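**Student:** My file is target.cif. It has mmCIF, C-alpha atoms:
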data_model
#
loop_
_atom_site.label_atom_id
_atom_site.label_comp_id
_atom_site.auth_asym_id
_atom_site.auth_seq_id
_atom_site.Cartn_x
_atom_site.Cartn_y
_atom_site.Cartn_z
CA MET A 1 5.89 11.01 -61.41
CA SER A 2 5.90 14.73 -60.69
CA GLU A 3 7.47 17.00 -63.30
CA LYS A 4 8.91 19.26 -60.61
CA VAL A 5 12.57 18.59 -59.91
CA VAL A 6 14.14 20.37 -56.90
CA GLU A 7 17.74 21.59 -56.93
CA VAL A 8 18.37 21.87 -53.16
CA ILE A 9 17.22 19.52 -50.41
CA LYS A 10 17.51 20.76 -46.80
CA TYR A 11 15.77 20.47 -43.42
CA GLU A 12 12.80 22.77 -42.95
CA GLY A 13 11.35 21.45 -39.66
CA ASP A 14 11.51 23.02 -36.17
CA ASN A 15 13.50 22.16 -33.03
CA THR A 16 10.70 20.08 -31.49
CA THR A 17 10.71 17.65 -34.41
CA PHE A 18 12.64 14.39 -34.31
CA ILE A 19 12.10 13.28 -37.92
CA TRP A 20 10.94 15.31 -40.90
CA LYS A 21 10.26 14.02 -44.43
CA HIS A 22 11.11 16.31 -47.34
CA PRO A 23 7.90 16.94 -49.34
CA CYS A 24 9.52 16.41 -52.77
CA GLU A 25 10.36 12.97 -54.08
CA ASP A 26 11.80 13.65 -57.57
CA PHE A 27 15.49 14.53 -57.83
CA ASN A 28 18.06 14.65 -60.60
CA SER A 29 21.67 13.62 -60.27
CA LEU A 30 22.90 17.21 -59.74
CA THR A 31 20.62 18.07 -56.82
CA GLN A 32 22.38 19.54 -53.74
CA LEU A 33 21.74 17.91 -50.32
CA ILE A 34 22.48 20.06 -47.24
CA VAL A 35 22.63 18.37 -43.83
CA HIS A 36 23.18 20.63 -40.80
CA GLU A 37 25.05 19.82 -37.60
CA SER A 38 23.15 17.46 -35.23
CA GLN A 39 21.27 16.07 -38.26
CA GLU A 40 21.32 13.03 -40.48
CA ALA A 41 19.53 12.33 -43.79
CA VAL A 42 18.34 8.93 -45.01
CA PHE A 43 17.31 8.07 -48.57
CA PHE A 44 14.42 5.64 -49.02
CA LEU A 45 13.50 3.81 -52.22
CA ASN A 46 10.50 1.56 -52.45
CA GLY A 47 10.24 1.55 -48.64
CA GLN A 48 13.87 0.47 -48.22
CA ALA A 49 16.36 2.63 -46.26
CA LEU A 50 19.42 3.22 -48.48
CA ASP A 51 22.22 5.72 -47.89
CA LEU A 52 22.74 7.67 -44.61
CA PHE A 53 24.31 11.16 -44.81
CA GLY A 54 25.91 13.06 -41.91
CA PRO A 55 26.44 16.86 -41.65
CA GLY A 56 27.73 18.47 -44.89
CA ARG A 57 26.84 19.45 -48.48
CA TYR A 58 26.46 16.73 -51.09
CA THR A 59 25.85 16.58 -54.86
CA LEU A 60 23.56 13.64 -55.53
CA GLU A 61 25.69 11.92 -58.10
CA THR A 62 25.64 8.16 -58.32
CA GLN A 63 29.21 7.91 -57.04
CA ASN A 64 28.14 9.74 -53.86
CA ILE A 65 25.14 7.48 -53.24
CA PRO A 66 26.50 3.99 -53.87
CA LEU A 67 23.37 2.09 -52.80
CA ILE A 68 21.24 4.09 -55.27
CA SER A 69 23.84 3.61 -58.00
CA LYS A 70 23.23 -0.11 -57.83
CA ILE A 71 19.63 0.54 -58.85
CA PHE A 72 20.06 3.45 -61.27
CA HIS A 73 22.59 3.06 -64.04
CA ARG A 74 22.77 6.61 -65.38
CA ILE A 75 23.97 7.24 -68.95
CA THR A 76 26.62 9.96 -69.25
CA GLY A 77 24.98 13.37 -69.64
CA ASP A 78 21.58 12.00 -68.65
CA ALA A 79 19.75 14.44 -66.40
CA ARG A 80 16.62 12.33 -66.03
CA PRO A 81 15.27 12.60 -62.51
CA PHE A 82 14.84 9.64 -60.20
CA HIS A 83 12.12 9.07 -57.59
CA ALA A 84 13.08 8.65 -53.88
CA GLU A 85 12.19 9.83 -50.38
CA VAL A 86 14.46 11.79 -48.05
CA TYR A 87 14.02 11.84 -44.27
CA PHE A 88 15.89 14.27 -42.02
CA ILE A 89 16.60 13.13 -38.48
CA ASN A 90 17.12 15.84 -35.85
CA LYS A 91 19.67 14.38 -33.40
CA ALA A 92 19.74 17.33 -30.99
CA GLU A 93 18.71 16.61 -27.41
CA GLN A 94 15.13 17.66 -26.74
CA MET A 95 14.46 18.53 -23.13
CA ALA A 96 11.54 19.15 -20.78
CA ILE A 97 9.35 16.38 -22.19
CA LYS A 98 6.68 15.77 -19.53
CA TRP A 99 5.84 12.35 -18.12
CA GLY A 100 3.58 11.16 -15.30
CA THR A 101 1.76 8.11 -13.98
CA ASP A 102 -1.91 7.90 -14.99
CA SER A 103 -2.92 5.99 -11.83
CA LYS A 104 -1.68 5.25 -8.33
CA ILE A 105 1.23 2.87 -7.78
CA GLN A 106 0.58 0.22 -5.13
CA TYR A 107 3.63 -0.94 -3.16
CA LEU A 108 4.80 -1.91 0.34
CA GLU A 109 6.57 0.93 2.16
CA PRO A 110 10.07 -0.46 2.94
CA THR A 111 10.68 1.28 6.29
CA TYR A 112 7.45 0.54 8.18
CA GLY A 113 6.03 -2.19 5.97
CA PHE A 114 2.57 -0.74 5.37
CA PRO A 115 0.81 -0.72 1.96
CA LEU A 116 0.91 2.62 0.20
CA SER A 117 -0.43 4.24 -2.98
CA ILE A 118 1.53 7.05 -4.64
CA GLY A 119 1.81 8.84 -7.96
CA ALA A 120 4.84 10.40 -9.65
CA SER A 121 5.63 12.85 -12.44
CA GLY A 122 8.55 14.72 -13.92
CA GLU A 123 10.50 15.53 -17.08
CA MET A 124 12.81 13.68 -19.44
CA SER A 125 15.17 14.49 -22.30
CA LEU A 126 15.28 12.39 -25.48
CA LYS A 127 17.31 12.33 -28.68
CA ALA A 128 17.35 10.30 -31.87
CA ASP A 129 20.05 7.71 -31.26
CA ASP A 130 19.76 5.21 -34.13
CA SER A 131 18.26 6.94 -37.17
CA ARG A 132 17.49 3.80 -39.19
CA LYS A 133 15.93 1.98 -36.25
CA LEU A 134 13.80 4.99 -35.30
CA LEU A 135 12.57 5.39 -38.89
CA VAL A 136 11.71 1.73 -39.33
CA LYS A 137 10.10 1.11 -35.93
CA LEU A 138 8.22 4.34 -35.26
CA VAL A 139 7.87 6.51 -38.37
CA GLY A 140 6.80 4.18 -41.16
CA THR A 141 5.01 6.26 -43.75
CA GLU A 142 4.49 9.29 -41.47
CA ASN A 143 5.71 12.65 -42.74
CA ALA A 144 7.00 13.81 -39.34
CA LEU A 145 7.63 12.71 -35.78
CA ASN A 146 7.52 15.47 -33.17
CA GLN A 147 7.65 15.53 -29.35
CA GLN A 148 3.90 15.24 -28.92
CA LYS A 149 3.58 12.26 -31.27
CA LEU A 150 6.65 10.52 -29.80
CA SER A 151 5.27 11.02 -26.27
CA SER A 152 1.96 9.50 -27.34
CA TYR A 153 3.80 6.49 -28.80
CA PHE A 154 5.70 5.97 -25.57
CA ARG A 155 2.86 6.77 -23.15
CA GLY A 156 1.52 3.23 -22.83
CA PHE A 157 5.00 1.77 -23.07
CA LEU A 158 6.24 4.08 -20.32
CA GLN A 159 3.24 3.54 -18.02
CA ALA A 160 3.67 -0.23 -18.14
CA ARG A 161 7.32 -0.01 -17.09
CA ILE A 162 7.55 3.05 -14.86
CA LYS A 163 5.08 1.79 -12.26
CA SER A 164 6.94 -1.46 -11.84
CA TYR A 165 10.31 0.31 -11.79
CA ILE A 166 9.23 2.84 -9.14
CA ALA A 167 8.10 0.13 -6.74
CA LYS A 168 11.28 -1.84 -7.45
CA VAL A 169 13.65 1.08 -6.84
CA LEU A 170 11.94 2.19 -3.61
CA LYS A 171 12.25 -1.33 -2.26
CA GLU A 172 15.82 -2.06 -3.40
CA LYS A 173 17.17 1.34 -2.27
CA SER A 174 15.11 1.23 0.98
CA ILE A 175 13.86 4.77 0.38
CA SER A 176 11.26 5.78 2.96
CA ILE A 177 8.23 7.65 1.65
CA PHE A 178 8.96 10.29 4.31
CA GLU A 179 12.52 10.79 3.04
CA ILE A 180 11.93 10.55 -0.70
CA ASP A 181 12.36 14.28 -1.35
CA GLU A 182 15.98 14.22 -0.14
CA ASN A 183 16.61 11.16 -2.33
CA LEU A 184 15.06 12.42 -5.59
CA VAL A 185 18.42 12.43 -7.43
CA LEU A 186 19.16 8.84 -6.39
CA PHE A 187 15.58 7.86 -7.23
CA SER A 188 15.71 9.53 -10.67
CA ASP A 189 19.10 8.06 -11.62
CA ALA A 190 17.99 4.54 -10.68
CA LEU A 191 14.83 4.83 -12.81
CA LYS A 192 16.80 6.24 -15.74
CA ALA A 193 19.22 3.29 -15.65
CA LEU A 194 16.28 0.88 -15.89
CA LEU A 195 14.56 2.78 -18.72
CA ILE A 196 17.56 3.37 -21.02
CA PRO A 197 17.49 -0.13 -22.61
CA ASP A 198 13.71 0.15 -23.21
CA PHE A 199 14.10 3.40 -25.17
CA ARG A 200 17.22 2.20 -27.00
CA GLU A 201 15.20 -0.66 -28.48
CA TYR A 202 13.34 1.95 -30.57
CA GLY A 203 16.42 3.94 -31.57
CA VAL A 204 15.77 6.64 -28.96
CA GLY A 205 18.36 7.80 -26.43
CA LEU A 206 17.17 8.70 -22.91
CA THR A 207 19.64 11.41 -21.80
CA GLN A 208 17.80 12.62 -18.68
CA PHE A 209 15.01 11.33 -16.52
CA LEU A 210 13.89 13.42 -13.56
CA VAL A 211 11.31 12.75 -10.86
CA THR A 212 10.12 16.18 -9.77
CA ASN A 213 7.00 15.32 -7.80
CA VAL A 214 5.71 12.40 -5.74
CA ALA A 215 1.98 12.46 -4.87
CA ARG A 216 1.56 11.07 -1.34
CA PRO A 217 -1.77 9.90 0.13
CA GLU A 218 -2.16 12.93 2.38
CA GLY A 219 -5.17 12.53 4.66
CA ASP A 220 -5.12 8.75 4.60
CA ARG A 221 -5.49 7.57 8.20
CA GLN A 222 -2.82 4.88 8.10
CA TYR A 223 -0.37 7.12 6.26
CA GLU A 224 -0.86 9.97 8.75
CA LYS A 225 -0.32 7.56 11.67
CA PHE A 226 3.06 6.40 10.39
CA LYS A 227 3.97 9.93 9.37
CA GLU A 228 3.47 11.16 12.95
CA LEU A 229 5.47 8.19 14.29
CA HIS A 230 8.32 8.89 11.86
CA PHE A 231 8.71 12.56 12.69
CA ARG A 232 8.15 12.02 16.43
CA GLN A 233 11.24 9.84 16.72
CA TYR A 234 13.40 12.50 15.13
CA ALA A 235 11.87 15.15 17.39
CA ASP A 236 12.74 13.02 20.46
CA ILE A 237 16.33 12.60 19.27
CA ALA A 238 16.67 16.34 18.66
CA GLU A 239 15.20 17.13 22.10
CA ALA A 240 17.60 14.71 23.84
CA LYS A 241 20.57 16.24 22.04
CA LEU A 242 19.44 19.73 23.06
CA ARG A 243 19.17 18.69 26.72
CA GLN A 244 22.61 17.12 26.59
CA GLN A 245 24.14 20.23 25.02
CA THR A 246 22.44 22.45 27.61
CA SER A 247 23.76 20.29 30.46
CA VAL A 248 27.29 20.44 29.09
CA ILE A 249 27.08 24.21 28.68
CA ASP A 250 25.80 24.63 32.28
CA ALA A 251 28.59 22.43 33.64
CA GLU A 252 31.20 24.39 31.69
CA THR A 253 29.74 27.66 32.93
CA GLU A 254 29.86 26.54 36.58
CA ALA A 255 33.42 25.30 36.15
CA ARG A 256 34.46 28.64 34.69
CA LYS A 257 32.79 30.46 37.57
CA THR A 258 34.65 28.29 40.10
CA ILE A 259 37.99 28.85 38.36
CA ILE A 260 37.42 32.61 38.17
CA ALA A 261 36.44 32.74 41.86
CA SER A 262 39.53 30.71 42.85
CA GLN A 263 41.78 32.95 40.77
CA ALA A 264 40.22 36.04 42.30
CA MET A 265 40.71 34.71 45.84
CA ALA A 266 44.31 33.73 45.11
CA THR A 267 44.96 37.23 43.77
CA LYS A 268 43.36 38.73 46.90
CA ARG A 269 45.52 36.62 49.22
CA ALA A 270 48.67 37.55 47.28
CA GLN A 271 47.81 41.25 47.44
CA GLU A 272 46.99 41.17 51.19
CA GLY A 273 49.95 38.93 52.11
CA TYR A 274 48.44 35.78 53.67
CA THR A 275 48.16 32.12 52.76
CA TYR A 276 45.24 29.71 52.58
CA GLN A 277 46.27 28.17 55.90
CA GLN A 278 46.37 31.60 57.52
CA GLU A 279 42.92 32.36 56.13
CA ARG A 280 41.65 29.24 57.87
CA GLY A 281 43.21 30.60 61.07
CA PHE A 282 41.22 33.82 60.64
CA ASP A 283 38.00 31.83 60.35
CA VAL A 284 38.78 29.87 63.51
CA SER A 285 39.51 33.00 65.51
CA GLU A 286 36.18 34.50 64.47
CA ARG A 287 34.32 31.42 65.68
CA ILE A 288 36.25 31.50 68.99
CA ALA A 289 35.31 35.12 69.50
CA GLU A 290 31.66 34.30 68.87
CA ASN A 291 31.64 31.45 71.44
CA GLN A 292 33.71 33.36 74.09
CA ALA A 293 34.43 30.17 76.05
CA VAL A 294 37.05 27.49 75.95
CA GLY A 295 34.45 24.90 76.99
CA GLN A 296 32.81 25.34 73.59
CA PHE A 297 36.02 24.59 71.64
CA SER A 298 35.25 20.91 71.83
CA ASN A 299 31.92 21.55 70.09
CA LEU A 300 33.83 23.18 67.26
CA GLY A 301 36.22 20.22 66.95
CA ILE A 302 39.25 22.40 67.81
CA GLY A 303 42.09 21.09 70.01
CA LEU A 304 44.25 23.18 72.28
CA GLY A 305 47.30 22.46 70.15
CA THR A 306 45.50 23.85 67.13
CA MET A 307 44.60 26.99 69.09
CA ALA A 308 48.19 27.60 69.87
CA GLY A 309 49.08 27.09 66.19
CA VAL A 310 46.40 29.56 65.18
CA GLY A 311 47.82 32.07 67.57
CA GLY A 312 51.17 31.80 65.85
CA ALA A 313 49.74 31.90 62.34
CA VAL A 314 47.51 34.91 62.56
CA GLY A 315 49.69 37.08 64.72
CA GLY A 316 49.60 38.54 68.15
CA MET A 317 46.06 39.82 67.98
CA VAL A 318 44.51 36.42 67.31
CA GLY A 319 46.90 34.70 69.74
CA GLY A 320 46.02 37.22 72.40
CA THR A 321 42.35 36.63 71.90
CA ILE A 322 42.85 32.89 72.39
CA LYS A 323 45.00 33.35 75.49
CA ASN A 324 42.57 35.84 77.04
CA ALA A 325 39.67 33.53 76.40
CA MET A 326 41.49 30.61 77.98
CA GLY A 327 42.76 32.65 80.93
CA SER A 328 39.32 34.05 81.74
CA VAL A 329 37.90 30.59 82.09
CA ASN A 330 40.67 28.99 84.13
CA PRO A 331 43.74 31.05 85.26
CA ALA A 332 45.40 27.91 86.58
CA ALA A 333 45.10 26.35 83.20
CA GLY A 334 46.87 29.38 81.77
CA GLU A 335 49.79 28.97 84.18
CA GLN A 336 49.93 25.27 83.36
CA GLN A 337 49.95 26.14 79.63
CA ASN A 338 52.88 28.50 80.18
CA ALA A 339 54.73 25.67 81.86
CA GLN A 340 54.44 23.50 78.74
CA PRO A 341 57.53 23.10 76.54
CA GLN A 342 57.98 25.92 74.10
CA THR A 343 57.01 25.42 70.47
CA LYS A 344 58.10 26.74 67.10
CA ILE A 345 55.85 27.94 64.29
CA CYS A 346 55.94 26.62 60.71
CA SER A 347 56.75 29.54 58.43
CA ASN A 348 54.71 27.98 55.60
CA CYS A 349 51.36 27.13 57.22
CA GLY A 350 51.57 28.70 60.72
CA ALA A 351 51.11 25.43 62.60
CA ALA A 352 52.78 25.09 66.06
CA MET A 353 55.31 22.25 66.36
CA PRO A 354 57.70 21.00 69.09
CA LEU A 355 61.15 22.53 69.06
CA ASN A 356 62.75 19.25 68.07
CA ALA A 357 60.47 18.72 65.05
CA LYS A 358 62.33 18.62 61.73
CA PHE A 359 59.22 18.73 59.51
CA CYS A 360 55.82 20.39 59.88
CA PHE A 361 53.04 17.98 60.87
CA GLU A 362 50.53 19.96 58.80
CA CYS A 363 52.21 20.77 55.50
CA GLY A 364 55.43 18.71 55.58
CA SER A 365 57.76 21.71 55.21
CA PRO A 366 61.28 21.19 56.71
CA PHE A 367 62.28 23.21 59.81
CA GLU A 368 66.03 22.79 59.51
CA ARG A 369 67.78 25.16 57.17
CA LYS A 370 71.11 24.17 55.68
CA CYS A 371 73.87 26.25 54.17
CA PRO A 372 73.66 25.96 50.39
CA SER A 373 77.46 26.05 50.24
CA CYS A 374 78.71 23.64 52.94
CA GLY A 375 75.50 21.96 54.20
CA THR A 376 75.82 23.09 57.83
CA VAL A 377 72.51 23.18 59.78
CA LEU A 378 71.62 26.81 60.40
CA ALA A 379 69.94 28.32 63.44
CA ASP A 380 66.58 30.05 63.02
CA GLY A 381 67.05 33.57 61.78
CA ALA A 382 70.72 33.09 60.78
CA LYS A 383 71.81 35.35 57.94
CA PHE A 384 75.34 33.90 57.49
CA CYS A 385 76.74 30.38 57.75
CA PRO A 386 78.83 29.98 60.97
CA GLU A 387 81.14 27.52 59.15
CA CYS A 388 81.93 29.08 55.80
CA GLY A 389 80.46 32.56 56.10
CA GLN A 390 78.14 32.11 53.12
CA LYS A 391 75.34 34.69 53.08
CA ILE A 392 71.96 33.03 53.37
#
Would you write the structure of this file as structure tokens?
**Tutor:**
Amino acid sequence: MSEKVVEVIKYEGDNTTFIWKHPCEDFNSLTQLIVHESQEAVFFLNGQALDLFGPGRYTLETQNIPLISKIFHRITGDARPFHAEVYFINKAEQMAIKWGTDSKIQYLEPTYGFPLSIGASGEMSLKADDSRKLLVKLVGTENALNQQKLSSYFRGFLQARIKSYIAKVLKEKSISIFEIDENLVLFSDALKALLIPDFREYGVGLTQFLVTNVARPEGDRQYEKFKELHFRQYADIAEAKLRQQTSVIDAETEARKTIIASQAMATKRAQEGYTYQQERGFDVSERIAENQAVGQFSNLGIGLGTMAGVGGAVGGMVGGTIKNAMGSVNPAAGEQQNAQPQTKICSNCGAAMPLNAKFCFECGSPFERKCPSCGTVLADGAKFCPECGQKI
């Protein structure tokens, strides 16, 4: 037994260490034990784990270490040292621990059903979860357990499980190899859920497990074939959507042009004081003037009654043109036309109607005007009702 007896026991490892054994093994009953936050300390005697201490400051008296007091029965005032081992467990989360597959993973691609070989790598975060279990199962008689040593312990264990889990998750989640990058979070979380029980068995908590890279078989003929097929279908869908959007935009543009043109024409008619029906009369008169013969009216699909209506709609100038054209061809026909019963002109559309007509044949407007006060039928042009004197 060493003659050196320490007075203070505390953690002297670094932040990358999971478990650190204090180098001294001889303590007296007044030694101070200091355990920092996110740490635990375990006393060992003869290879057996005894008391577990959480954060705080302790005086190693037998009443404070009940399991040791069952072995050492100290006499009052006895300062004789006892022999034991103290292990400090760092329970802080340790991040950015690298992992990666050492060989390709063979599996059947779920979307297209072709065999594929991939690799994967990333980072994980670990922490000491069960101090006693970690000490017993992994540390043994070692003086320390750091990230590098823990990773080496888990390398074979991880390789055996991660390859199987990757193939399983890709199949169950139906994750296409061509869409795996957008599903890395889902992929990582599913793998973590499968690995947590495996790590817990050794007293280690798996707090994070991230897949940061997936090695695809770029250049492989079969892989490239399905890759082109996969992206081609999305390109076709995008192209079809673009054509559809362009067609809709063109149709909307043409519709707006038509509406604007119609509004402009309506404004023009309102400003110049004529209706749509009168505008049609203008067009007819121009065609008559171009033909200069009544015999050609039939080729235009224009009846004599319509000509007379046009004459009334567009005014004396157009009507005169029609009458002159008709008279120059056949004067007798002109005299016969004058002998026809007189007509009246619709004030709404300009069509010529018989005197006894009550409604326009073209637009349906009524010819008879009635007094708004007594309902008496009014004569054309009347400004006052002959019955009640109401102003019209």
**Student:** Name the residues that the PyMOL selection byres ((chain A and resi 363-377) around 12) pulls out of this structure, and write them as a ChimeraX atom specification.
**Tutor:** /A:276-277,344-362,378-392
**Student:** Quick check, in Å to one decimal: how far apart do atom CA of A:Glu218 and atom CA of A:Gly119 lie?
**Tutor:**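 Here the two named atoms are 11.8 Å from each other.
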**Student:** Using only C-alpha atoms, which residue out of A:Asn213, A:Gln106, A:Asn90, A:Ser164 lies closest to A:Leu135?
**Tutor:**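 Using only C-alpha atoms, the shortest distance to A:Leu135 belongs to A:Asn90.
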**Student:** So which one's closest to A:Glu142, A:Glu228, A:Lys171, A:Leu45, A:Tyr87? Using all atoms listed in the file, please.
**Tutor:**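 The shortest atom-to-atom distance to A:Glu142 comes from A:Tyr87.
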**Student:** Identify all residues satisfying the PyMOL selection byres ((chain A and resi 47-57) around 9) in the given file; provide them as a list in words.
**Tutor:**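 Checked against the file, the PyMOL selection byres ((chain A and resi 47-57) around 9) matches Gln32, Leu33, Ile34, Val35, His36, Glu37, Ser38, Gln39, Glu40, Ala41, Val42, Phe43, Phe44, Leu45, Asn46, Tyr58, Thr59, Ile65, Pro66, Leu67, Ile68, Glu85, Ser131, Arg132, Leu135, Val136, Gly140 and Thr141 of chain A.
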**Student:** Around (3.1, 6.9, -24.6), as given in the file, which residues come within 12 Å? Count all atoms listed in the file and list them as a ChimeraX atom specification.
**Tutor:** /A:97-102,147-162,199
**Student:** What does the distance from atom CA of A:Lys225 to atom CA of A:Tyr107 come to in Å, to one decimal?
**Tutor:**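 Atom CA of A:Tyr107 lies 17.5 Å from atom CA of A:Lys225.
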**Student:** Once 3 Å is added on each side, what centre and edge lengths in Å to one decimal does the axis-aligned box around all listed atoms of stretch 90-106 of chain A have, as AutoDock Vina command-line options?
**Tutor:**
--center_x 8.4 --center_y 9.7 --center_z -20.5 --size_x 28.7 --size_y 24.9 --size_z 36.7
**Student:** Quick check, in Å to one decimal: how far apart do atom CA of A:Ala251 and atom CA of A:Arg232 lie?
**Tutor:** 28.7 Å
**Student:** Identify which of the residues A:Leu126, A:Leu138, A:Ala261, A:Val214 lies closest to A:Glu179, counting only C-alpha atoms when measuring atom-to-atom distances.
**Tutor:** A:Val214
**Student:** With distances taken over all atoms listed in the file, which residue among A:Glu172, A:Asp220, A:Asp198, A:Asp14 lies nearest A:Asn146?
**Tutor:**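 Once distances to A:Asn146 are computed over all atoms listed in the file, the minimum belongs to A:Asp14.
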**Student:** Which residues fall under the PyMOL selection byres ((chain A and resi 95) around 10) in this file, as a list in words?
**Tutor:**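 Applying the PyMOL selection byres ((chain A and resi 95) around 10) to the structure shown produces Thr16, Ala92, Glu93, Gln94, Ala96, Ile97, Lys98, Glu123, Met124, Ser125, Leu126, Lys127, Gln147, Thr207, Gln208 and Phe209 of chain A.
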**Student:** Please produce a file of those selected residues containing C-alpha atoms, as a tab-separated table (two decimals), in the frame of the given file.
**Tutor:**
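Written out: part07.tsv:
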chain	number	residue	atom	x	y	z
A	16	THR	CA	10.70	20.08	-31.49
A	92	ALA	CA	19.74	17.33	-30.99
A	93	GLU	CA	18.71	16.61	-27.41
A	94	GLN	CA	15.13	17.66	-26.74
A	96	ALA	CA	11.54	19.15	-20.78
A	97	ILE	CA	9.35	16.38	-22.19
A	98	LYS	CA	6.68	15.77	-19.53
A	123	GLU	CA	10.50	15.53	-17.08
A	124	MET	CA	12.81	13.68	-19.44
A	125	SER	CA	15.17	14.49	-22.30
A	126	LEU	CA	15.28	12.39	-25.48
A	127	LYS	CA	17.31	12.33	-28.68
A	147	GLN	CA	7.65	15.53	-29.35
A	207	THR	CA	19.64	11.41	-21.80
A	208	GLN	CA	17.80	12.62	-18.68
A	209	PHE	CA	15.01	11.33	-16.52
**Student:** Can you put N, CA and C atoms back into stretch 371-384 of chain A and show it as a PDB file, keeping the file's coordinate frame?
**Tutor:**
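Result file follows (rebuild.pdb):
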ATOM      1  N   CYS A 371      73.092  25.341  55.010  1.00  0.00           N
ATOM      2  CA  CYS A 371      73.870  26.250  54.170  1.00  0.00           C
ATOM      3  C   CYS A 371      73.951  25.692  52.762  1.00  0.00           C
ATOM      4  N   PRO A 372      73.598  26.455  51.760  1.00  0.00           N
ATOM      5  CA  PRO A 372      73.660  25.960  50.390  1.00  0.00           C
ATOM      6  C   PRO A 372      75.071  25.692  49.905  1.00  0.00           C
ATOM      7  N   SER A 373      76.082  26.220  50.674  1.00  0.00           N
ATOM      8  CA  SER A 373      77.460  26.050  50.240  1.00  0.00           C
ATOM      9  C   SER A 373      78.117  24.830  50.885  1.00  0.00           C
ATOM     10  N   CYS A 374      78.015  24.740  52.260  1.00  0.00           N
ATOM     11  CA  CYS A 374      78.710  23.640  52.940  1.00  0.00           C
ATOM     12  C   CYS A 374      77.763  22.643  53.593  1.00  0.00           C
ATOM     13  N   GLY A 375      76.458  22.902  53.648  1.00  0.00           N
ATOM     14  CA  GLY A 375      75.500  21.960  54.200  1.00  0.00           C
ATOM     15  C   GLY A 375      75.353  22.016  55.703  1.00  0.00           C
ATOM     16  N   THR A 376      75.932  22.978  56.370  1.00  0.00           N
ATOM     17  CA  THR A 376      75.820  23.090  57.830  1.00  0.00           C
ATOM     18  C   THR A 376      74.398  23.486  58.209  1.00  0.00           C
ATOM     19  N   VAL A 377      73.846  22.841  59.286  1.00  0.00           N
ATOM     20  CA  VAL A 377      72.510  23.180  59.780  1.00  0.00           C
ATOM     21  C   VAL A 377      72.553  24.566  60.380  1.00  0.00           C
ATOM     22  N   LEU A 378      71.634  25.415  59.971  1.00  0.00           N
ATOM     23  CA  LEU A 378      71.620  26.810  60.400  1.00  0.00           C
ATOM     24  C   LEU A 378      70.597  27.023  61.505  1.00  0.00           C
ATOM     25  N   ALA A 379      70.884  27.935  62.381  1.00  0.00           N
ATOM     26  CA  ALA A 379      69.940  28.320  63.440  1.00  0.00           C
ATOM     27  C   ALA A 379      68.852  29.184  62.840  1.00  0.00           C
ATOM     28  N   ASP A 380      67.678  29.198  63.494  1.00  0.00           N
ATOM     29  CA  ASP A 380      66.580  30.050  63.020  1.00  0.00           C
ATOM     30  C   ASP A 380      67.020  31.497  62.990  1.00  0.00           C
ATOM     31  N   GLY A 381      66.751  32.150  61.893  1.00  0.00           N
ATOM     32  CA  GLY A 381      67.050  33.570  61.780  1.00  0.00           C
ATOM     33  C   GLY A 381      68.467  33.874  61.363  1.00  0.00           C
ATOM     34  N   ALA A 382      69.321  32.842  61.156  1.00  0.00           N
ATOM     35  CA  ALA A 382      70.720  33.090  60.780  1.00  0.00           C
ATOM     36  C   ALA A 382      70.792  33.684  59.392  1.00  0.00           C
ATOM     37  N   LYS A 383      71.648  34.691  59.229  1.00  0.00           N
ATOM     38  CA  LYS A 383      71.810  35.350  57.940  1.00  0.00           C
ATOM     39  C   LYS A 383      73.123  34.953  57.267  1.00  0.00           C
ATOM     40  N   PHE A 384      74.076  34.350  58.039  1.00  0.00           N
ATOM     41  CA  PHE A 384      75.340  33.900  57.490  1.00  0.00           C
ATOM     42  C   PHE A 384      75.658  32.526  58.066  1.00  0.00           C
TER      43      PHE A 384
END
